[in-house]
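Everything below concerns the one structure shown next.
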Amino acid sequence: MDKKNEVILTIGHLKKSYGDTEVLKDIDLEIKSGEVVVIIGPSGCGKSTLLRCLNGLEKTDEGRILLHGEPVDPKSAGIFRMRERIGMVFQSYELFPHKTILKNITLAPLKVQKRKKEEAEAEALALLERIGLSAHRDKYPSQLSGGQKQRVAIARALIMHPELLLLDEITAALDPEMVREVLELVLSLAKEGRTMLIVTHEMAFAEAVADRVIFMDGGSIIEEGTAEQIFHYPKTERLQRFLESLKFD
Amino acid sequence: MESIITDLGFDVLFKGNNAMRLLEGLLVALRISMIAVLISLPLGGLLGVLMSLKRKGIRFFGRLYLEIIRIMPQMVLLFIVYFGATRAFGLKLSPELSSLIVFSLWGTAEMSDLVRGAVQSIPRAQYESSAALGMNTAKTYCFVIVPQIIRRILPNTINLITRMIKTTSLVMMIGIVEVLKVGQQIIEANRKSSPNAAFGVFATVFLLYFLACYPISLLSRYLEKKANG
């Protein structure tokens, strides 16, 4: 792992619009090595778009994104190399349906990183062991539950040894009873000191995992702080209203 | 035993080189359909990919082409190309070339629709998750997208091939002597000596088509099973 407290990702004055709608209004954010940052906010606040910009899946209009000082730019030839260093897990898992679980995990290390087959498979098997799915190595994604698929998707991202892991609402498509197995895996990654930027609607999980919580609304960062500050001592009215809207009493 | 063979009209098969002629007729049918398949698959694949792009002009003409080919009975198409082209444009197309044109036009149209549907059915997120793993466009297509497209179109493509083989029976209408026509000729020639030849000959023709198409169906079932893991 990198040295703690070293800034690895810098987002400066990031702006993006779809037509006339500004989805990201001048976002500034720094992420340090080993930090777990959770972004919360109402639907459509721009949090998923921000995440997608960070590995070049969306073009930005203005501003810059730097990983260790190198720009993340979807128009540059270096974007593929940058994406190897920034892993991403999606809401709908997006495993490759025509490949077995093991091959889903080893495809990118073999074809993108050109690693040796034995080495990549050994690491994939170790990851499968860790996520408790060794017995399923030769099954196809359609034979797995949602929670199992999402854990495989995380393993598939981990094997690339990313410096930063982006998790985009990874439990939003799961049945409630499967959410826990996925979140526990993420929690264990956090304990290992992995740098992660997480978008989630699971507030209890956000509170448990986050070093820092960011509240976004209307394309801007409204408030940020520790989980304690954000969830128990919200300063802005918008955050208070958002947290209120999640309660039932 | 011998009387049963004669009663059912199978005896004509053993007269002269009738059996051999039927087999040769089958080869004519297979040659036409296979050449048309070899032309249709790549052309249809290409057109299907073009159709999946959201270009209005290409889609309009592709759609028009597909609908025209689908609406017209294959026999009408054969007549248009063979008789029509000769009359209207003074082109002397041989029957075999005419049938190759018609079968290729038809196969290309059907194939393009299969490929278009398959390409459009691959979710955008498959491209994105490949990109997120650092794959460039070529790798994404090579390892993720194209293999999925191939599995999706496989069963229907094999179905199309067997349909093309069977439909070659129409080419006798423009004078090609393929297996069905040979059968008719044998029946006609032996009307006096073997009045029951029709059953035996057509049963044999049926068997020949079956022998040509069944292995392809088996292959399709095997590939489908393999594709579904």
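A note on labels: chains of the structure tokens are A, B, ... as shown, every chain counts residues from 1, and ligands are counted from 1 in their shown order.
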Give me, as a ChimeraX atom specification, the residues of chain B touching chain A, with the criterion being at most 8 Å (counting only C-alpha atoms).
/B:125-126,128-129,131-136,139,144,147-148,227-229
Among range 121-234 of chain A, which ones does DSSP place in strand (DSSP E or B), written as a list in words?
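Going through range 121-234 of chain A, the strand (DSSP E or B) residues come out as Leu164, Leu165, Leu166, Leu167, Asp168, Met196, Leu197, Ile198, Val199, Arg212, Val213, Ile214, Phe215, Met216, Asp217, Ser220, Ile221, Ile222, Glu223, Glu224 and Gly225 of chain A.
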Let me make sure I understand: among B:Ala109, B:Leu64, B:Leu26, B:Leu78, which one has the smallest atom-to-atom distance to Gly44 in chain B if we use only C-alpha atoms?
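Closest to Gly44 in chain B of all the choices is B:Ala109.
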Write out as a VMD selection string which residues come within 6 Å of range 18-27 of chain A when counting only C-alpha atoms, dropping same-chain ones fewer than 6 positions away.
chain A and resid 46 219 to 220
Alpha helix (DSSP H) positions in range 5-194 of chain B, given as JSON, numbers by chain:
{"B": [5, 6, 7, 18, 19, 20, 21, 22, 23, 24, 25, 26, 27, 28, 29, 30, 31, 32, 33, 34, 35, 36, 37, 38, 39, 40, 41, 42, 43, 44, 45, 46, 47, 48, 49, 50, 51, 52, 56, 57, 58, 59, 60, 61, 62, 63, 64, 65, 66, 67, 68, 69, 70, 71, 74, 75, 76, 77, 78, 79, 85, 86, 87, 88, 89, 95, 96, 97, 98, 99, 100, 101, 102, 103, 104, 105, 106, 107, 108, 109, 110, 111, 112, 113, 114, 115, 116, 117, 118, 119, 120, 121, 124, 125, 126, 127, 128, 129, 130, 131, 132, 137, 138, 139, 146, 147, 148, 149, 150, 151, 152, 153, 154, 155, 156, 157, 158, 159, 160, 161, 162, 163, 164, 165, 166, 167, 179, 180, 181, 182, 183, 184, 185, 186, 187, 188, 189]}
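The neighbours of range 152-165 of chain B here are the residues that come within 6 Å of it, using only C-alpha atoms and leaving out any residue fewer than 4 positions away in the same chain; they are B:Ser33, B:Cys213, B:Ser220.
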Residues near Leu47 in chain B, cut-off 9 Å, only C-alpha atoms, skip fewer than 5 positions along chain, as a PyMOL selection string
chain B and resi 42+52+62+108-109+111-113+115-116
Shell around Leu174 in chain A at 12 Å using only C-alpha atoms, local window under 4 positions removed, as a list in words
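Counting only the stated atoms, we get Phe90, Gln91, Ser92, Tyr93, Ser145, Gly146, Gly147, Gln148, Lys149, Gln150, Arg151, Glu169, Ile170, Met178, Val179, Arg180, Glu181, Val182, Leu183 and Glu202 of chain A.
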Which residue, B:Ser3, B:Ala19, B:Val119, B:Leu93, has the smallest gap to Leu46 in chain B when you use only C-alpha atoms?
B:Val119
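A straight line drawn from CA of Pro234 in chain A to CA of Gly218 in chain A is 17.5 Å long.
For the pair CA of Ile176 in chain B and CA of Leu105 in chain B, the separation is 18.6 Å.
Take the candidates B:Cys142, B:Val205, B:Ile174, B:Ala118 and check each one against Val81 in chain B using only C-alpha atoms; the shortest distance goes to B:Ile174.
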What is the distance, in Å and to one decimal place, between CA of Leu53 in chain B and CA of Ala36 in chain B?
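Value for the CA of Leu53 in chain B-CA of Ala36 in chain B distance: 25.6 Å.
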Which residue is closest to Arg238 in chain A? Choose from A:Val186, A:Thr60, A:Pro42, A:Thr195 and count only C-alpha atoms.
A:Pro42
For Glu121 in chain A, find every residue with an atom within 12 Å (counting only C-alpha atoms), except residues of its own chain fewer than 6 positions away, and show them as a compact mmCIF listing (two decimals) with all heavy atoms, in the first residue's frame.
# COMPACT_ATOMS: atom_id res chain seq x y z
N ILE A 101 -16.76 -18.00 -13.88
CA ILE A 101 -16.39 -17.07 -12.81
C ILE A 101 -14.87 -16.85 -12.81
O ILE A 101 -14.39 -15.71 -12.78
CB ILE A 101 -16.87 -17.63 -11.45
CG1 ILE A 101 -18.39 -17.79 -11.45
CG2 ILE A 101 -16.39 -16.77 -10.30
CD1 ILE A 101 -19.16 -16.59 -11.87
N LEU A 102 -14.13 -17.95 -12.87
CA LEU A 102 -12.67 -17.83 -12.84
C LEU A 102 -12.17 -17.00 -14.03
O LEU A 102 -11.34 -16.11 -13.88
CB LEU A 102 -12.03 -19.23 -12.87
CG LEU A 102 -10.51 -19.26 -12.81
CD1 LEU A 102 -10.02 -18.70 -11.49
CD2 LEU A 102 -9.99 -20.68 -13.00
N LYS A 103 -12.74 -17.27 -15.20
CA LYS A 103 -12.27 -16.55 -16.40
C LYS A 103 -12.71 -15.09 -16.40
O LYS A 103 -12.04 -14.24 -16.97
CB LYS A 103 -12.76 -17.26 -17.66
CG LYS A 103 -12.07 -18.61 -17.79
CD LYS A 103 -11.98 -19.08 -19.21
CE LYS A 103 -11.01 -20.24 -19.33
NZ LYS A 103 -11.63 -21.43 -19.92
N ASN A 104 -13.86 -14.81 -15.77
CA ASN A 104 -14.26 -13.42 -15.60
C ASN A 104 -13.18 -12.65 -14.85
O ASN A 104 -12.87 -11.51 -15.19
CB ASN A 104 -15.56 -13.34 -14.79
CG ASN A 104 -16.78 -13.09 -15.67
OD1 ASN A 104 -17.04 -11.97 -16.06
ND2 ASN A 104 -17.49 -14.15 -16.00
N ILE A 105 -12.63 -13.31 -13.85
CA ILE A 105 -11.64 -12.63 -13.01
C ILE A 105 -10.28 -12.55 -13.72
O ILE A 105 -9.58 -11.54 -13.61
CB ILE A 105 -11.52 -13.34 -11.64
CG1 ILE A 105 -12.87 -13.32 -10.93
CG2 ILE A 105 -10.45 -12.68 -10.77
CD1 ILE A 105 -12.91 -14.08 -9.63
N THR A 106 -9.92 -13.58 -14.46
CA THR A 106 -8.58 -13.59 -15.05
C THR A 106 -8.48 -12.91 -16.42
O THR A 106 -7.38 -12.69 -16.90
CB THR A 106 -8.04 -15.04 -15.20
OG1 THR A 106 -8.95 -15.78 -16.00
CG2 THR A 106 -7.84 -15.71 -13.86
N LEU A 107 -9.62 -12.58 -17.03
CA LEU A 107 -9.57 -12.02 -18.38
C LEU A 107 -8.68 -10.77 -18.48
O LEU A 107 -7.75 -10.72 -19.30
CB LEU A 107 -10.99 -11.70 -18.88
CG LEU A 107 -11.04 -11.08 -20.29
CD1 LEU A 107 -10.62 -12.10 -21.35
CD2 LEU A 107 -12.42 -10.54 -20.62
N ALA A 108 -8.97 -9.79 -17.65
CA ALA A 108 -8.22 -8.53 -17.76
C ALA A 108 -6.74 -8.68 -17.37
O ALA A 108 -5.87 -8.18 -18.08
CB ALA A 108 -8.91 -7.43 -16.96
N PRO A 109 -6.43 -9.38 -16.27
CA PRO A 109 -4.99 -9.55 -15.97
C PRO A 109 -4.24 -10.24 -17.11
O PRO A 109 -3.10 -9.88 -17.41
CB PRO A 109 -4.97 -10.42 -14.71
CG PRO A 109 -6.36 -10.65 -14.30
CD PRO A 109 -7.28 -9.89 -15.18
N LEU A 110 -4.90 -11.20 -17.78
CA LEU A 110 -4.20 -11.91 -18.86
C LEU A 110 -4.10 -11.05 -20.12
O LEU A 110 -3.04 -10.96 -20.74
CB LEU A 110 -4.93 -13.22 -19.21
CG LEU A 110 -4.91 -14.31 -18.15
CD1 LEU A 110 -5.72 -15.51 -18.60
CD2 LEU A 110 -3.48 -14.72 -17.83
N ARG A 115 -0.28 -10.73 -17.81
CA ARG A 115 0.36 -11.52 -16.75
C ARG A 115 0.38 -12.99 -17.12
O ARG A 115 -0.34 -13.45 -17.99
CB ARG A 115 -0.40 -11.29 -15.44
CG ARG A 115 -0.04 -9.95 -14.82
CD ARG A 115 -1.11 -9.39 -13.94
NE ARG A 115 -1.34 -10.18 -12.75
CZ ARG A 115 -2.25 -9.84 -11.82
NH1 ARG A 115 -2.96 -8.75 -11.96
NH2 ARG A 115 -2.42 -10.60 -10.75
N LEU A 127 -8.50 -14.99 -4.42
CA LEU A 127 -9.59 -14.03 -4.25
C LEU A 127 -10.93 -14.75 -4.09
O LEU A 127 -11.76 -14.38 -3.26
CB LEU A 127 -9.64 -13.08 -5.44
CG LEU A 127 -8.61 -11.95 -5.45
CD1 LEU A 127 -8.52 -11.30 -6.82
CD2 LEU A 127 -8.95 -10.90 -4.40
N LEU A 128 -11.12 -15.81 -4.90
CA LEU A 128 -12.37 -16.58 -4.79
C LEU A 128 -12.49 -17.20 -3.41
O LEU A 128 -13.57 -17.27 -2.83
CB LEU A 128 -12.41 -17.67 -5.88
CG LEU A 128 -12.84 -17.20 -7.27
CD1 LEU A 128 -12.71 -18.33 -8.28
CD2 LEU A 128 -14.29 -16.71 -7.24
N SER A 134 -15.01 -20.29 -3.93
CA SER A 134 -14.10 -21.22 -4.61
C SER A 134 -14.84 -22.33 -5.33
O SER A 134 -14.47 -22.72 -6.43
CB SER A 134 -13.15 -21.86 -3.60
OG SER A 134 -12.37 -20.86 -3.00
N ARG A 137 -16.04 -21.69 -9.07
CA ARG A 137 -15.08 -21.16 -10.05
C ARG A 137 -15.42 -21.50 -11.50
O ARG A 137 -15.19 -20.69 -12.39
CB ARG A 137 -13.66 -21.67 -9.74
CG ARG A 137 -13.60 -23.18 -9.58
CD ARG A 137 -12.18 -23.65 -9.40
NE ARG A 137 -11.50 -23.71 -10.69
CZ ARG A 137 -10.29 -24.19 -10.85
NH1 ARG A 137 -9.60 -24.61 -9.81
NH2 ARG A 137 -9.74 -24.23 -12.04
N ARG A 156 -12.97 -9.21 -9.45
CA ARG A 156 -12.49 -8.93 -10.80
C ARG A 156 -11.80 -7.57 -10.85
O ARG A 156 -10.84 -7.37 -11.60
CB ARG A 156 -13.68 -8.96 -11.76
CG ARG A 156 -13.32 -8.81 -13.21
CD ARG A 156 -14.52 -8.98 -14.11
NE ARG A 156 -15.49 -7.89 -13.97
CZ ARG A 156 -16.53 -7.71 -14.78
NH1 ARG A 156 -16.75 -8.56 -15.76
NH2 ARG A 156 -17.36 -6.71 -14.59
N ILE A 159 -8.22 -7.83 -8.69
CA ILE A 159 -7.07 -8.55 -9.25
C ILE A 159 -6.20 -7.63 -10.10
O ILE A 159 -5.04 -7.92 -10.35
CB ILE A 159 -7.53 -9.80 -10.05
CG1 ILE A 159 -6.36 -10.77 -10.19
CG2 ILE A 159 -8.11 -9.40 -11.40
CD1 ILE A 159 -6.73 -12.13 -10.71
